[in-house]
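> Below is the structure I would like to discuss, written out as structure tokens.
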Amino acid sequence: MSAPDRSIDPRLLKAAKEVFLEKGFEMAQLSEICKKAGVTTGALYKRYSGKEELFSEIVSDTIEAMDNYVQRIAEADLTEMTDQELLDGFHMNPEVNLRWFKYLYDHKEGFTLLIKCASGTRYSDFHDVWTEKLNSTHYKFYQEARRRGLATKEVSENEMNILTSAVWTLFYKPFMLDCSWKEIEAMAYILRDFSNWYDALGIKK
């Protein structure tokens, strides 16, 4: 009995990623993916139940990486942070912005698939789901700053959600527009000047 051809898997995933990025999930055809990968549709169905499972496999590493990133922040013990460490989370420091941009850029293809090509999949609401995760963390930091008297303005969780969504858009939009890394670097500094969490939350500079 011959061993299964494992070389099919990376070829299939590479072809699927290219077709999804070019056409989006809804317009992508399995027949085109198979042709590009040089495999039969039968070989594809032995590995994946269909187009959506194939898409999910491609973006799974990106989702796991992003979830891990925000989870590390969410699990931080804020009571052990100094006032400055707590407030740094609301300061749009270009170096911090660049680290976040670099993290997304390191997962550029998977991230682009999620924000630009996922219509018709279980990830079609990725932007809203991710905003909720970020907002939960932002609001936790804000509440601690408010408890310490560092944030003087009262902001509801819904208001924080709106602010978080607006700032998150500034981070993901460059990937929607397929900006170069040089353009993204420039955005890290533009974000500092454009976004002012301190004024919005009543934090004294």
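Chains: A, B, ... in order of the structure tokens. Residues: from 1 per chain. Ligands: from 1, in order shown.
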Taking only residues of stretch 90-193 of chain A that have an atom at most 10 Å from an atom of stretch 56-76 of chain A, what is each one's shortest atom pair and its distance in Å to one decimal, using only C-alpha atoms, in chain and number order, as JSON lines?


```
{"residue": "A:Trp100", "atom": "CA", "partner": "A:Tyr69", "partner_atom": "CA", "distance": 9.6}
{"residue": "A:Tyr103", "atom": "CA", "partner": "A:Met66", "partner_atom": "CA", "distance": 8.5}
{"residue": "A:Leu104", "atom": "CA", "partner": "A:Met66", "partner_atom": "CA", "distance": 8.2}
{"residue": "A:Asp106", "atom": "CA", "partner": "A:Thr62", "partner_atom": "CA", "distance": 9.3}
{"residue": "A:His107", "atom": "CA", "partner": "A:Thr62", "partner_atom": "CA", "distance": 6.0}
{"residue": "A:Lys108", "atom": "CA", "partner": "A:Thr62", "partner_atom": "CA", "distance": 8.7}
{"residue": "A:Glu109", "atom": "CA", "partner": "A:Val59", "partner_atom": "CA", "distance": 8.5}
{"residue": "A:Gly110", "atom": "CA", "partner": "A:Val59", "partner_atom": "CA", "distance": 5.0}
{"residue": "A:Phe111", "atom": "CA", "partner": "A:Thr62", "partner_atom": "CA", "distance": 6.4}
{"residue": "A:Thr112", "atom": "CA", "partner": "A:Val59", "partner_atom": "CA", "distance": 9.5}
{"residue": "A:Leu113", "atom": "CA", "partner": "A:Val59", "partner_atom": "CA", "distance": 7.3}
{"residue": "A:Leu114", "atom": "CA", "partner": "A:Val59", "partner_atom": "CA", "distance": 7.2}
{"residue": "A:Ala118", "atom": "CA", "partner": "A:Ser56", "partner_atom": "CA", "distance": 9.6}
{"residue": "A:Thr121", "atom": "CA", "partner": "A:Ser56", "partner_atom": "CA", "distance": 8.5}
{"residue": "A:Arg122", "atom": "CA", "partner": "A:Ser56", "partner_atom": "CA", "distance": 8.5}
{"residue": "A:Tyr123", "atom": "CA", "partner": "A:Ser56", "partner_atom": "CA", "distance": 8.5}
{"residue": "A:Phe126", "atom": "CA", "partner": "A:Ile63", "partner_atom": "CA", "distance": 9.8}
{"residue": "A:Trp130", "atom": "CA", "partner": "A:Asp67", "partner_atom": "CA", "distance": 8.9}
{"residue": "A:Lys133", "atom": "CA", "partner": "A:Val70", "partner_atom": "CA", "distance": 7.6}
{"residue": "A:Leu134", "atom": "CA", "partner": "A:Val70", "partner_atom": "CA", "distance": 7.1}
{"residue": "A:Ser136", "atom": "CA", "partner": "A:Ala74", "partner_atom": "CA", "distance": 8.0}
{"residue": "A:Thr137", "atom": "CA", "partner": "A:Ala74", "partner_atom": "CA", "distance": 5.4}
{"residue": "A:His138", "atom": "CA", "partner": "A:Ala74", "partner_atom": "CA", "distance": 8.8}
{"residue": "A:Lys140", "atom": "CA", "partner": "A:Ala74", "partner_atom": "CA", "distance": 8.1}
{"residue": "A:Phe141", "atom": "CA", "partner": "A:Ala74", "partner_atom": "CA", "distance": 9.0}
```

> DSSP on the backbone: which residues in stretch 21-82 of chain A end up as alpha helix (DSSP H)? Give the answer as a ChimeraX atom specification.

/A:21-27,30-37,41-47,51-74

> May I have the residues within 8 Å of A:Phe55 as number ranges by chain, using only C-alpha atoms and disregarding those fewer than 6 positions away in the same chain?

A: 16-17, 20, 25

> Would you save the residues from that selection as a PDB file, in the first residue's frame, using N, CA and C atoms?


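For reference, part.pdb as written:
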```
ATOM      1  N   ALA A  16      -4.875  27.858  -2.419  1.00  0.00           N
ATOM      2  CA  ALA A  16      -6.116  28.400  -1.857  1.00  0.00           C
ATOM      3  C   ALA A  16      -5.902  29.807  -1.337  1.00  0.00           C
ATOM      4  N   LYS A  17      -4.793  30.028  -0.644  1.00  0.00           N
ATOM      5  CA  LYS A  17      -4.500  31.357  -0.107  1.00  0.00           C
ATOM      6  C   LYS A  17      -4.409  32.378  -1.232  1.00  0.00           C
ATOM      7  N   PHE A  20      -7.997  32.953  -2.699  1.00  0.00           N
ATOM      8  CA  PHE A  20      -8.829  33.703  -1.748  1.00  0.00           C
ATOM      9  C   PHE A  20      -8.404  35.165  -1.673  1.00  0.00           C
ATOM     10  N   PHE A  25     -13.428  34.975  -0.591  1.00  0.00           N
ATOM     11  CA  PHE A  25     -13.979  33.636  -0.368  1.00  0.00           C
ATOM     12  C   PHE A  25     -15.163  33.333  -1.278  1.00  0.00           C
TER      13      PHE A  25
END
```

> Please measure the separation of atom CA of A:Thr40 and atom CA of A:Ile115, giving the value in Å to one decimal.

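Between these atoms lies a distance of 29.4 Å.
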
> Just the residues within 9 Å of A:Leu44, please, counting only C-alpha atoms, with nothing from its chain fewer than 6 positions along; format it as a ChimeraX atom specification.

/A:8-9,12,30,34,50
